[in-house]
>>> print(open('query-v4.cif').read())   # mmCIF, C-alpha atoms and all ligand atoms
data_start
loop_
_atom_site.group_PDB
_atom_site.id
_atom_site.type_symbol
_atom_site.label_atom_id
_atom_site.label_comp_id
_atom_site.auth_asym_id
_atom_site.auth_seq_id
_atom_site.Cartn_x
_atom_site.Cartn_y
_atom_site.Cartn_z
ATOM 1 C CA MET O 1 -26.179 15.230 15.078
ATOM 2 C CA SER O 2 -24.959 18.353 16.790
ATOM 3 C CA ASP O 3 -26.728 21.646 16.328
ATOM 4 C CA ALA O 4 -24.894 24.502 14.695
ATOM 5 C CA LEU O 5 -25.132 27.093 17.448
ATOM 6 C CA SER O 6 -24.269 30.720 17.761
ATOM 7 C CA TYR O 7 -21.432 30.069 20.180
ATOM 8 C CA PRO O 8 -18.346 28.566 18.544
ATOM 9 C CA ARG O 9 -16.710 25.706 20.465
ATOM 10 C CA MET O 10 -19.978 24.660 22.149
ATOM 11 C CA GLU O 11 -22.208 22.023 20.574
ATOM 12 C CA LEU O 12 -25.479 20.415 21.505
ATOM 13 C CA THR O 13 -26.500 16.838 20.746
ATOM 14 C CA VAL O 14 -29.255 14.421 21.772
ATOM 15 C CA GLY O 15 -28.373 10.810 22.532
ATOM 16 C CA ASP O 16 -26.310 8.412 24.589
ATOM 17 C CA ILE O 17 -23.057 10.009 25.767
ATOM 18 C CA THR O 18 -21.230 6.667 25.467
ATOM 19 C CA GLN O 19 -21.766 6.753 21.691
ATOM 20 C CA LEU O 20 -20.122 10.141 21.129
ATOM 21 C CA LYS O 21 -16.816 10.445 19.298
ATOM 22 C CA VAL O 22 -15.077 12.741 21.776
ATOM 23 C CA GLU O 23 -11.801 12.479 23.677
ATOM 24 C CA ALA O 24 -13.336 12.814 27.140
ATOM 25 C CA ILE O 25 -16.789 12.175 28.546
ATOM 26 C CA VAL O 26 -18.090 13.345 31.900
ATOM 27 C CA ASN O 27 -19.858 10.909 34.194
ATOM 28 C CA ALA O 28 -22.521 12.096 36.634
ATOM 29 C CA ALA O 29 -21.353 9.816 39.425
ATOM 30 C CA ASN O 30 -22.039 9.436 43.127
ATOM 31 C CA SER O 31 -19.474 9.945 45.845
ATOM 32 C CA SER O 32 -18.481 6.261 45.923
ATOM 33 C CA LEU O 33 -17.476 6.320 42.210
ATOM 34 C CA LEU O 34 -18.567 2.661 42.170
ATOM 35 C CA GLY O 35 -21.347 3.052 39.604
ATOM 36 C CA GLY O 36 -25.099 3.428 39.745
ATOM 37 C CA GLY O 37 -27.993 4.033 37.374
ATOM 38 C CA GLY O 38 -28.571 6.668 34.719
ATOM 39 C CA VAL O 39 -25.539 7.944 32.870
ATOM 40 C CA ASP O 40 -23.269 6.425 35.545
ATOM 41 C CA GLY O 41 -24.653 2.984 34.761
ATOM 42 C CA ALA O 42 -24.392 3.526 31.012
ATOM 43 C CA ILE O 43 -20.760 4.615 31.231
ATOM 44 C CA HIS O 44 -19.759 1.735 33.498
ATOM 45 C CA ARG O 45 -21.452 -0.723 31.137
ATOM 46 C CA ALA O 46 -19.714 0.787 28.117
ATOM 47 C CA ALA O 47 -16.288 1.091 29.763
ATOM 48 C CA GLY O 48 -16.430 -2.427 31.189
ATOM 49 C CA PRO O 49 -15.457 -3.981 34.534
ATOM 50 C CA ARG O 50 -11.938 -2.538 34.519
ATOM 51 C CA LEU O 51 -13.445 0.893 35.249
ATOM 52 C CA LEU O 52 -15.062 -0.329 38.478
ATOM 53 C CA ALA O 53 -11.856 -2.118 39.486
ATOM 54 C CA HIS O 54 -9.899 1.091 38.876
ATOM 55 C CA ASN O 55 -12.393 3.294 40.720
ATOM 56 C CA ARG O 56 -12.209 1.061 43.789
ATOM 57 C CA THR O 57 -8.659 2.374 44.205
ATOM 58 C CA LEU O 58 -9.692 6.046 44.170
ATOM 59 C CA GLY O 59 -11.335 6.324 47.583
ATOM 60 C CA GLY O 60 -14.428 8.130 46.345
ATOM 61 C CA CYS O 61 -15.006 11.779 45.444
ATOM 62 C CA PRO O 62 -16.731 14.614 47.350
ATOM 63 C CA THR O 63 -19.602 16.628 45.839
ATOM 64 C CA GLY O 64 -18.328 19.387 43.562
ATOM 65 C CA GLU O 65 -15.057 17.648 42.739
ATOM 66 C CA ALA O 66 -13.986 15.461 39.811
ATOM 67 C CA ARG O 67 -11.646 12.530 39.151
ATOM 68 C CA ILE O 68 -10.212 11.487 35.780
ATOM 69 C CA THR O 69 -9.754 7.858 34.758
ATOM 70 C CA PRO O 70 -8.874 5.932 31.605
ATOM 71 C CA ALA O 71 -11.807 5.089 29.343
ATOM 72 C CA PHE O 72 -10.988 1.335 29.228
ATOM 73 C CA ASP O 73 -13.380 -0.373 26.754
ATOM 74 C CA LEU O 74 -14.488 3.043 25.448
ATOM 75 C CA GLU O 75 -10.960 3.604 24.141
ATOM 76 C CA ALA O 76 -11.945 1.449 21.147
ATOM 77 C CA ARG O 77 -14.240 4.346 20.207
ATOM 78 C CA GLY O 78 -11.507 6.942 20.567
ATOM 79 C CA VAL O 79 -12.519 8.091 24.047
ATOM 80 C CA LYS O 80 -9.347 8.658 26.085
ATOM 81 C CA HIS O 81 -10.693 9.815 29.439
ATOM 82 C CA ILE O 82 -13.726 9.548 31.664
ATOM 83 C CA ILE O 83 -14.100 12.439 34.088
ATOM 84 C CA HIS O 84 -16.277 11.474 37.033
ATOM 85 C CA THR O 85 -17.910 14.282 38.946
ATOM 86 C CA VAL O 86 -20.361 14.226 41.833
ATOM 87 C CA GLY O 87 -23.137 16.746 41.440
ATOM 88 C CA PRO O 88 -25.280 18.149 44.257
ATOM 89 C CA VAL O 89 -28.581 16.648 45.234
ATOM 90 C CA TRP O 90 -31.206 19.378 44.775
ATOM 91 C CA GLY O 91 -32.818 20.519 48.025
ATOM 92 C CA THR O 92 -29.840 19.989 50.291
ATOM 93 C CA ASP O 93 -29.222 23.649 51.100
ATOM 94 C CA PRO O 94 -30.430 23.906 54.716
ATOM 95 C CA ARG O 95 -31.054 27.637 54.467
ATOM 96 C CA ALA O 96 -32.861 27.673 51.114
ATOM 97 C CA ASP O 97 -36.486 28.789 50.990
ATOM 98 C CA GLY O 98 -37.012 28.175 47.269
ATOM 99 C CA ARG O 99 -36.927 31.834 46.225
ATOM 100 C CA GLU O 100 -33.180 32.110 45.695
ATOM 101 C CA ARG O 101 -31.925 33.678 42.481
ATOM 102 C CA LEU O 102 -29.394 31.745 40.406
ATOM 103 C CA GLY O 103 -26.114 31.380 42.246
ATOM 104 C CA TYR O 104 -27.602 31.967 45.686
ATOM 105 C CA ARG O 105 -28.074 28.372 46.634
ATOM 106 C CA LEU O 106 -25.465 25.904 47.874
ATOM 107 C CA GLU O 107 -26.455 23.519 45.080
ATOM 108 C CA ASP O 108 -25.870 26.192 42.396
ATOM 109 C CA ASN O 109 -22.316 26.680 43.595
ATOM 110 C CA GLN O 110 -21.624 22.969 43.932
ATOM 111 C CA LEU O 111 -22.893 22.320 40.389
ATOM 112 C CA GLY O 112 -20.723 25.145 39.095
ATOM 113 C CA GLN O 113 -17.739 23.585 40.878
ATOM 114 C CA CYS O 114 -18.443 20.303 39.057
ATOM 115 C CA TYR O 115 -18.325 21.955 35.625
ATOM 116 C CA GLN O 116 -15.217 23.909 36.584
ATOM 117 C CA ALA O 117 -13.419 20.827 37.948
ATOM 118 C CA CYS O 118 -14.227 18.762 34.845
ATOM 119 C CA LEU O 119 -13.062 21.512 32.466
ATOM 120 C CA GLU O 120 -9.815 21.941 34.408
ATOM 121 C CA LEU O 121 -9.075 18.204 34.301
ATOM 122 C CA ALA O 122 -9.914 18.012 30.595
ATOM 123 C CA ALA O 123 -7.606 20.960 29.863
ATOM 124 C CA ALA O 124 -4.817 19.569 32.061
ATOM 125 C CA HIS O 125 -4.940 16.292 30.111
ATOM 126 C CA GLY O 126 -5.121 17.998 26.714
ATOM 127 C CA ALA O 127 -8.573 16.652 25.829
ATOM 128 C CA ARG O 128 -9.580 18.513 22.693
ATOM 129 C CA THR O 129 -13.243 17.517 22.867
ATOM 130 C CA LEU O 130 -15.286 17.052 26.034
ATOM 131 C CA ALA O 131 -18.906 15.931 26.414
ATOM 132 C CA PHE O 132 -21.098 16.707 29.432
ATOM 133 C CA PRO O 133 -24.374 15.052 30.423
ATOM 134 C CA GLY O 134 -26.849 17.122 32.416
ATOM 135 C CA ILE O 135 -25.114 16.673 35.765
ATOM 136 C CA SER O 136 -27.543 16.333 38.703
ATOM 137 C CA THR O 137 -30.659 16.762 36.519
ATOM 138 C CA GLY O 138 -31.790 13.134 36.800
ATOM 139 C CA VAL O 139 -31.896 11.223 40.068
ATOM 140 C CA TYR O 140 -30.437 14.214 41.900
ATOM 141 C CA GLY O 141 -33.404 16.347 40.905
ATOM 142 C CA PHE O 142 -31.700 19.605 39.955
ATOM 143 C CA PRO O 143 -34.115 21.800 37.959
ATOM 144 C CA LYS O 144 -33.079 21.378 34.312
ATOM 145 C CA GLU O 145 -33.348 24.994 33.239
ATOM 146 C CA ARG O 146 -31.361 26.223 36.244
ATOM 147 C CA ALA O 147 -28.727 23.535 35.656
ATOM 148 C CA ALA O 148 -28.431 24.353 31.938
ATOM 149 C CA GLN O 149 -27.865 28.016 32.722
ATOM 150 C CA ILE O 150 -25.112 27.149 35.205
ATOM 151 C CA ALA O 151 -23.545 24.666 32.768
ATOM 152 C CA VAL O 152 -23.484 26.994 29.763
ATOM 153 C CA GLY O 153 -22.295 29.925 31.863
ATOM 154 C CA HIS O 154 -19.322 28.052 33.320
ATOM 155 C CA VAL O 155 -18.333 26.422 30.029
ATOM 156 C CA ARG O 156 -18.539 29.714 28.146
ATOM 157 C CA ALA O 157 -16.411 31.485 30.732
ATOM 158 C CA PHE O 158 -13.812 28.694 30.754
ATOM 159 C CA LEU O 159 -13.567 28.503 26.948
ATOM 160 C CA GLY O 160 -13.091 32.248 26.896
ATOM 161 C CA ARG O 161 -9.818 31.879 28.783
ATOM 162 C CA SER O 162 -8.566 28.434 27.696
ATOM 163 C CA PRO O 163 -7.830 27.060 24.195
ATOM 164 C CA VAL O 164 -8.445 23.523 25.469
ATOM 165 C CA PRO O 165 -10.914 21.846 25.287
ATOM 166 C CA GLU O 166 -11.390 23.074 21.740
ATOM 167 C CA THR O 167 -15.000 21.930 21.753
ATOM 168 C CA VAL O 168 -17.498 21.137 24.508
ATOM 169 C CA VAL O 169 -20.571 19.075 23.671
ATOM 170 C CA PHE O 170 -23.699 19.227 25.825
ATOM 171 C CA CYS O 171 -25.174 15.742 25.462
ATOM 172 C CA CYS O 172 -28.899 15.751 26.250
ATOM 173 C CA PHE O 173 -30.880 12.566 26.685
ATOM 174 C CA SER O 174 -34.078 14.033 25.218
ATOM 175 C CA GLU O 175 -35.161 16.682 22.716
ATOM 176 C CA GLU O 176 -36.970 18.475 25.558
ATOM 177 C CA ASP O 177 -33.685 18.832 27.433
ATOM 178 C CA ALA O 178 -31.935 20.006 24.268
ATOM 179 C CA GLU O 179 -34.605 22.690 23.796
ATOM 180 C CA ILE O 180 -33.730 24.061 27.242
ATOM 181 C CA TYR O 181 -30.022 24.221 26.403
ATOM 182 C CA ARG O 182 -30.756 25.789 22.996
ATOM 183 C CA ARG O 183 -32.279 28.795 24.758
ATOM 184 C CA PHE O 184 -29.035 29.448 26.605
ATOM 185 C CA LEU O 185 -26.795 28.609 23.662
ATOM 186 C CA THR O 186 -28.478 30.979 21.252
ATOM 187 C CA PRO O 187 -27.748 34.570 22.209
ATOM 188 C CA LYS O 188 -30.797 36.798 22.135
ATOM 189 C CA ASP O 189 -30.841 39.087 19.126
ATOM 190 C CA TYR O 190 -31.126 42.602 20.473
ATOM 191 C CA SER O 191 -30.450 44.055 17.027
ATOM 192 C CA GLN O 192 -34.168 44.266 16.163
ATOM 193 C CA SER O 193 -35.405 47.834 16.473
ATOM 194 C CA ILE O 194 -37.723 48.203 19.403
ATOM 195 C CA GLN O 195 -41.008 49.890 18.536
ATOM 196 C CA ILE O 196 -41.749 52.618 21.041
ATOM 197 C CA GLY O 197 -45.055 54.448 21.042
ATOM 198 C CA ARG O 198 -47.539 54.045 18.181
ATOM 199 C CA LYS O 199 -47.307 50.946 16.015
ATOM 200 C CA PRO O 200 -46.225 51.765 12.457
ATOM 201 C CA SER O 201 -49.280 52.136 10.195
HETATM 202 N N1 LIG X 1 -26.285 9.628 27.972
HETATM 203 C C1 LIG X 1 -26.507 10.953 28.207
HETATM 204 N N2 LIG X 1 -27.299 11.411 29.188
HETATM 205 C C2 LIG X 1 -27.905 10.487 29.975
HETATM 206 C C3 LIG X 1 -27.722 9.091 29.797
HETATM 207 C C4 LIG X 1 -26.875 8.678 28.743
HETATM 208 N N3 LIG X 1 -26.632 7.385 28.483
HETATM 209 N N4 LIG X 1 -28.462 8.443 30.756
HETATM 210 C C5 LIG X 1 -29.082 9.390 31.482
HETATM 211 N N5 LIG X 1 -28.759 10.623 31.019
HETATM 212 C C6 LIG X 1 -29.186 11.931 31.508
HETATM 213 C C7 LIG X 1 -30.434 11.984 32.344
HETATM 214 O O1 LIG X 1 -31.587 12.071 31.513
HETATM 215 C C8 LIG X 1 -30.200 13.279 33.108
HETATM 216 O O2 LIG X 1 -30.611 14.392 32.312
HETATM 217 O O3 LIG X 1 -28.149 12.369 32.388
HETATM 218 C C9 LIG X 1 -28.681 13.337 33.288
HETATM 219 C C10 LIG X 1 -28.197 12.992 34.688
HETATM 220 O O4 LIG X 1 -29.057 12.029 35.251
HETATM 221 P P1 LIG X 1 -28.495 10.863 36.226
HETATM 222 O O5 LIG X 1 -27.750 9.895 35.432
HETATM 223 O O6 LIG X 1 -29.657 10.397 37.040
HETATM 224 O O7 LIG X 1 -27.435 11.619 37.166
HETATM 225 P P2 LIG X 1 -27.659 12.595 38.407
HETATM 226 O O8 LIG X 1 -28.969 13.278 38.362
HETATM 227 O O9 LIG X 1 -26.413 13.415 38.457
HETATM 228 O O10 LIG X 1 -27.691 11.589 39.651
HETATM 229 C C11 LIG X 1 -26.514 10.906 39.971
HETATM 230 O O11 LIG X 1 -27.614 8.813 39.855
HETATM 231 O O12 LIG X 1 -27.044 7.085 38.491
HETATM 232 C C12 LIG X 1 -26.917 7.566 39.749
HETATM 233 O O13 LIG X 1 -24.792 6.737 40.484
HETATM 234 C C13 LIG X 1 -25.486 7.903 40.084
HETATM 235 O O14 LIG X 1 -25.990 8.201 42.383
HETATM 236 C C14 LIG X 1 -25.697 8.887 41.192
HETATM 237 C C15 LIG X 1 -26.901 9.671 40.734
#
>>> encode(input="query-v4.cif", output="C-alpha cells")
Amino acid sequence: MSDALSYPRMELTVGDITQLKVEAIVNAANSSLLGGGGVDGAIHRAAGPRLLAHNRTLGGCPTGEARITPAFDLEARGVKHIIHTVGPVWGTDPRADGRERLGYRLEDNQLGQCYQACLELAAAHGARTLAFPGISTGVYGFPKERAAQIAVGHVRAFLGRSPVPETVVFCCFSEEDAEIYRRFLTPKDYSQSIQIGRKPS
C-alpha cells in the first residue's frame, strides 16, 4: 500500500518491485546487464529467460547510464518496460575522504545520473507510472539516507518540468528504508510559530 505523501506524483511503498502494478520498473543492474542478485535477480526471475537473451544483445551499460527493455513475462502484470541502470559502488571516489557534503562525491553524481537517465527514458517512452528500487543501496553499499536524498531530489526536480511520468513510486524493501524516504518526502512544516525568549507561562 502506498503512503499518501505531501508531494503529489511521488508515492512510497514497501515490497517486491516485481509485484507492483506500474508501467515501468527500474532494475539496479550491473554493467554486464546479465543479471545478478538482489533486485536484479528478482526482476530477471520475474521477467523470464527472454530478458537475459535480450540483454545479451545490448553490450552492457556504463555506470550512471540506463537501458530500456521490454518487460517480457512481466507484461502479463501490465508492466511495459524494464529500465536497467548501473549505480555506483560506494567508496570508489579516489579523492574522497569521507567528509564530503551531498553532491561532492563522484558516487553522488553518478547516482544522480542514474535517476536522471531512468526518468528520461521513462518519459521518452510515455510510461505514466515508474517504480524505483533503492539503486546502489544494497550490494553496492551506498548509504541509504544519502541515496534517498539524491533520489527524491532528482525525481522532484524532473517531475517539476515533465508531465510524464505522472507518478513515481519509491519501492522500499523494508519499513526501515521507507522511514528514511518518508523524511525526505514529507516537507518540514515551518508554519509553527517559533518561540523566542521566555516560554509562554
Ligand atoms: N524489490 C524491491 N527492492 C529490492 C528487491 C525487490 N525484489 N530486492 C532487493 N531490493 C532492494 C535492496 O534491499 C536494496 O535496498 O534494492 C536495493 C538495491 O539493492 P541491490 O539489489 O543489492 O542493488 P545494488 O546495491 O544497486 O547492487 C547492484 O547487485 O544484484 C547485484 O547484479 C546486481 O551487481 C549488481 C549489484
>>> residues_near_ligand(input="query-v4.cif", ligand="ligand LIG 1 (chain X)", cutoff="9 Å", atoms="all atoms listed in the file", output="PDB file with C-alpha atoms, keeping the file's coordinate frame")
ATOM      1  CA  VAL O  14     -29.255  14.421  21.772  1.00  0.00           C
ATOM      2  CA  GLY O  15     -28.373  10.810  22.532  1.00  0.00           C
ATOM      3  CA  ASP O  16     -26.310   8.412  24.589  1.00  0.00           C
ATOM      4  CA  ILE O  17     -23.057  10.009  25.767  1.00  0.00           C
ATOM      5  CA  THR O  18     -21.230   6.667  25.467  1.00  0.00           C
ATOM      6  CA  GLN O  19     -21.766   6.753  21.691  1.00  0.00           C
ATOM      7  CA  ASN O  27     -19.858  10.909  34.194  1.00  0.00           C
ATOM      8  CA  ALA O  28     -22.521  12.096  36.634  1.00  0.00           C
ATOM      9  CA  ALA O  29     -21.353   9.816  39.425  1.00  0.00           C
ATOM     10  CA  ASN O  30     -22.039   9.436  43.127  1.00  0.00           C
ATOM     11  CA  SER O  31     -19.474   9.945  45.845  1.00  0.00           C
ATOM     12  CA  SER O  32     -18.481   6.261  45.923  1.00  0.00           C
ATOM     13  CA  LEU O  33     -17.476   6.320  42.210  1.00  0.00           C
ATOM     14  CA  LEU O  34     -18.567   2.661  42.170  1.00  0.00           C
ATOM     15  CA  GLY O  35     -21.347   3.052  39.604  1.00  0.00           C
ATOM     16  CA  GLY O  36     -25.099   3.428  39.745  1.00  0.00           C
ATOM     17  CA  GLY O  37     -27.993   4.033  37.374  1.00  0.00           C
ATOM     18  CA  GLY O  38     -28.571   6.668  34.719  1.00  0.00           C
ATOM     19  CA  VAL O  39     -25.539   7.944  32.870  1.00  0.00           C
ATOM     20  CA  ASP O  40     -23.269   6.425  35.545  1.00  0.00           C
ATOM     21  CA  GLY O  41     -24.653   2.984  34.761  1.00  0.00           C
ATOM     22  CA  ALA O  42     -24.392   3.526  31.012  1.00  0.00           C
ATOM     23  CA  ILE O  43     -20.760   4.615  31.231  1.00  0.00           C
ATOM     24  CA  THR O  85     -17.910  14.282  38.946  1.00  0.00           C
ATOM     25  CA  VAL O  86     -20.361  14.226  41.833  1.00  0.00           C
ATOM     26  CA  GLY O  87     -23.137  16.746  41.440  1.00  0.00           C
ATOM     27  CA  PRO O  88     -25.280  18.149  44.257  1.00  0.00           C
ATOM     28  CA  VAL O  89     -28.581  16.648  45.234  1.00  0.00           C
ATOM     29  CA  PHE O 132     -21.098  16.707  29.432  1.00  0.00           C
ATOM     30  CA  PRO O 133     -24.374  15.052  30.423  1.00  0.00           C
ATOM     31  CA  GLY O 134     -26.849  17.122  32.416  1.00  0.00           C
ATOM     32  CA  ILE O 135     -25.114  16.673  35.765  1.00  0.00           C
ATOM     33  CA  SER O 136     -27.543  16.333  38.703  1.00  0.00           C
ATOM     34  CA  THR O 137     -30.659  16.762  36.519  1.00  0.00           C
ATOM     35  CA  GLY O 138     -31.790  13.134  36.800  1.00  0.00           C
ATOM     36  CA  VAL O 139     -31.896  11.223  40.068  1.00  0.00           C
ATOM     37  CA  TYR O 140     -30.437  14.214  41.900  1.00  0.00           C
ATOM     38  CA  GLY O 141     -33.404  16.347  40.905  1.00  0.00           C
ATOM     39  CA  PHE O 142     -31.700  19.605  39.955  1.00  0.00           C
ATOM     40  CA  LYS O 144     -33.079  21.378  34.312  1.00  0.00           C
ATOM     41  CA  CYS O 171     -25.174  15.742  25.462  1.00  0.00           C
ATOM     42  CA  CYS O 172     -28.899  15.751  26.250  1.00  0.00           C
ATOM     43  CA  PHE O 173     -30.880  12.566  26.685  1.00  0.00           C
ATOM     44  CA  SER O 174     -34.078  14.033  25.218  1.00  0.00           C
ATOM     45  CA  ASP O 177     -33.685  18.832  27.433  1.00  0.00           C
TER      46      ASP O 177
END
>>> closest_residue(input="query-v4.cif", among="O:His154, O:Arg161, O:Arg45, O:Lys80", to="Leu111 of chain O", atoms="all atoms listed in the file")
O:His154
>>> atom_distance(input="query-v4.cif", atom1="atom CA of Arg50 of chain O", atom2="atom CA of Ile82 of chain O")
12.5 Å
>>> atom_distance(input="query-v4.cif", atom1="atom CA of Val164 of chain O", atom2="atom CA of Arg9 of chain O")
9.9 Å
>>> resolve_selection(input="query-v4.cif", expression="the PyMOL selection byres (((chain O and resi 185) around 10) and not hetatm)", output="PyMOL selection string")
chain O and resi 5-8+10-12+148-149+152-153+156+179-184+186-188
>>> atom_distance(input="query-v4.cif", atom1="atom CA of Asp108 of chain O", atom2="atom CA of Thr13 of chain O")
23.6 Å
>>> resolve_selection(input="query-v4.cif", expression="the PyMOL selection byres (((chain O and resi 118) around 10) and not hetatm)", output="list in words")
Ala24, Ile25, Val26, Asn27, Gly64, Glu65, Ala66, Arg67, Ile68, Ile82, Ile83, His84, Thr85, Gln113, Cys114, Tyr115, Gln116, Ala117, Leu119, Glu120, Leu121, Ala122, Ala123, Ala124, Leu130, Phe132 and Val155 of chain O
>>> closest_residue(input="query-v4.cif", among="O:Ser162, O:Thr167, O:Thr92, O:Thr69", to="Leu52 of chain O", atoms="all atoms listed in the file")
O:Thr69
>>> residues_around(input="query-v4.cif", residues="Ala96 of chain O", least_positions_apart="5", cutoff="9 Å", atoms="only C-alpha atoms", output="list in words")
Gly91, Tyr104, Arg105 and Leu106 of chain O
>>> write_last_selection(input="query-v4.cif", atoms="C-alpha atoms", output="PDB file, in the frame of the given file")
ATOM      1  CA  GLY O  91     -32.818  20.519  48.025  1.00  0.00           C
ATOM      2  CA  TYR O 104     -27.602  31.967  45.686  1.00  0.00           C
ATOM      3  CA  ARG O 105     -28.074  28.372  46.634  1.00  0.00           C
ATOM      4  CA  LEU O 106     -25.465  25.904  47.874  1.00  0.00           C
TER       5      LEU O 106
END
>>> closest_residue(input="query-v4.cif", among="O:His44, O:Lys21, O:His54, O:Arg146", to="Glu100 of chain O", atoms="only C-alpha atoms")
O:Arg146
>>> closest_residue(input="query-v4.cif", among="O:Phe72, O:Val79, O:Pro94, O:Ile150", to="Asn109 of chain O", atoms="only C-alpha atoms")
O:Ile150
>>> axis_aligned_box(input="query-v4.cif", around="segment 71-90 of chain O", padding_each_side="4 Å", output="lines of an AutoDock Vina configuration file")
center_x = -20.3
center_y = 9.5
center_z = 32.7
size_x = 29.9
size_y = 27.8
size_z = 33.0
>>> closest_residue(input="query-v4.cif", among="O:Arg56, O:Arg101, O:Arg128, O:His81", to="Val169 of chain O", atoms="all atoms listed in the file")
O:Arg128
>>> decode(input="query-v4.cif", residues="segment 123-130 of chain O", atoms="all heavy atoms", output="PDB file, in the first residue's frame")
ATOM      1  N   ALA O 123      10.071   8.886 -19.606  1.00  0.00           N
ATOM      2  CA  ALA O 123       9.304   9.959 -20.264  1.00  0.00           C
ATOM      3  C   ALA O 123       9.313   9.758 -21.780  1.00  0.00           C
ATOM      4  O   ALA O 123       8.275   9.881 -22.452  1.00  0.00           O
ATOM      5  CB  ALA O 123       9.893  11.317 -19.902  1.00  0.00           C
ATOM      6  N   ALA O 124      10.466   9.415 -22.327  1.00  0.00           N
ATOM      7  CA  ALA O 124      10.570   9.260 -23.792  1.00  0.00           C
ATOM      8  C   ALA O 124       9.685   8.123 -24.303  1.00  0.00           C
ATOM      9  O   ALA O 124       9.247   8.124 -25.454  1.00  0.00           O
ATOM     10  CB  ALA O 124      12.032   8.994 -24.175  1.00  0.00           C
ATOM     11  N   HIS O 125       9.420   7.143 -23.433  1.00  0.00           N
ATOM     12  CA  HIS O 125       8.574   6.008 -23.845  1.00  0.00           C
ATOM     13  C   HIS O 125       7.154   6.131 -23.312  1.00  0.00           C
ATOM     14  O   HIS O 125       6.362   5.182 -23.348  1.00  0.00           O
ATOM     15  CB  HIS O 125       9.218   4.684 -23.391  1.00  0.00           C
ATOM     16  CG  HIS O 125      10.433   4.332 -24.189  1.00  0.00           C
ATOM     17  ND1 HIS O 125      11.651   4.969 -24.008  1.00  0.00           N
ATOM     18  CD2 HIS O 125      10.630   3.467 -25.221  1.00  0.00           C
ATOM     19  CE1 HIS O 125      12.536   4.481 -24.871  1.00  0.00           C
ATOM     20  NE2 HIS O 125      11.938   3.578 -25.627  1.00  0.00           N
ATOM     21  N   GLY O 126       6.829   7.317 -22.771  1.00  0.00           N
ATOM     22  CA  GLY O 126       5.448   7.579 -22.346  1.00  0.00           C
ATOM     23  C   GLY O 126       4.969   6.737 -21.170  1.00  0.00           C
ATOM     24  O   GLY O 126       3.768   6.491 -21.019  1.00  0.00           O
ATOM     25  N   ALA O 127       5.912   6.291 -20.342  1.00  0.00           N
ATOM     26  CA  ALA O 127       5.493   5.482 -19.166  1.00  0.00           C
ATOM     27  C   ALA O 127       4.834   6.402 -18.147  1.00  0.00           C
ATOM     28  O   ALA O 127       5.453   7.332 -17.637  1.00  0.00           O
ATOM     29  CB  ALA O 127       6.703   4.795 -18.551  1.00  0.00           C
ATOM     30  N   ARG O 128       3.584   6.131 -17.847  1.00  0.00           N
ATOM     31  CA  ARG O 128       2.854   7.022 -16.936  1.00  0.00           C
ATOM     32  C   ARG O 128       3.226   6.774 -15.483  1.00  0.00           C
ATOM     33  O   ARG O 128       3.162   7.683 -14.649  1.00  0.00           O
ATOM     34  CB  ARG O 128       1.342   6.846 -17.143  1.00  0.00           C
ATOM     35  CG  ARG O 128       0.858   7.429 -18.486  1.00  0.00           C
ATOM     36  CD  ARG O 128      -0.570   7.068 -18.769  1.00  0.00           C
ATOM     37  NE  ARG O 128      -0.710   5.603 -18.830  1.00  0.00           N
ATOM     38  CZ  ARG O 128      -1.901   5.000 -18.881  1.00  0.00           C
ATOM     39  NH1 ARG O 128      -3.012   5.713 -18.841  1.00  0.00           N
ATOM     40  NH2 ARG O 128      -1.970   3.684 -18.955  1.00  0.00           N
ATOM     41  N   THR O 129       3.592   5.536 -15.171  1.00  0.00           N
ATOM     42  CA  THR O 129       3.991   5.237 -13.779  1.00  0.00           C
ATOM     43  C   THR O 129       5.330   4.512 -13.810  1.00  0.00           C
ATOM     44  O   THR O 129       5.558   3.632 -14.652  1.00  0.00           O
ATOM     45  CB  THR O 129       2.946   4.318 -13.116  1.00  0.00           C
ATOM     46  OG1 THR O 129       2.667   3.231 -14.003  1.00  0.00           O
ATOM     47  CG2 THR O 129       1.670   5.077 -12.796  1.00  0.00           C
ATOM     48  N   LEU O 130       6.208   4.905 -12.898  1.00  0.00           N
ATOM     49  CA  LEU O 130       7.574   4.377 -12.864  1.00  0.00           C
ATOM     50  C   LEU O 130       7.930   4.050 -11.414  1.00  0.00           C
ATOM     51  O   LEU O 130       7.672   4.873 -10.530  1.00  0.00           O
ATOM     52  CB  LEU O 130       8.542   5.450 -13.396  1.00  0.00           C
ATOM     53  CG  LEU O 130      10.040   5.178 -13.270  1.00  0.00           C
ATOM     54  CD1 LEU O 130      10.457   4.022 -14.176  1.00  0.00           C
ATOM     55  CD2 LEU O 130      10.840   6.439 -13.616  1.00  0.00           C
TER      56      LEU O 130
END
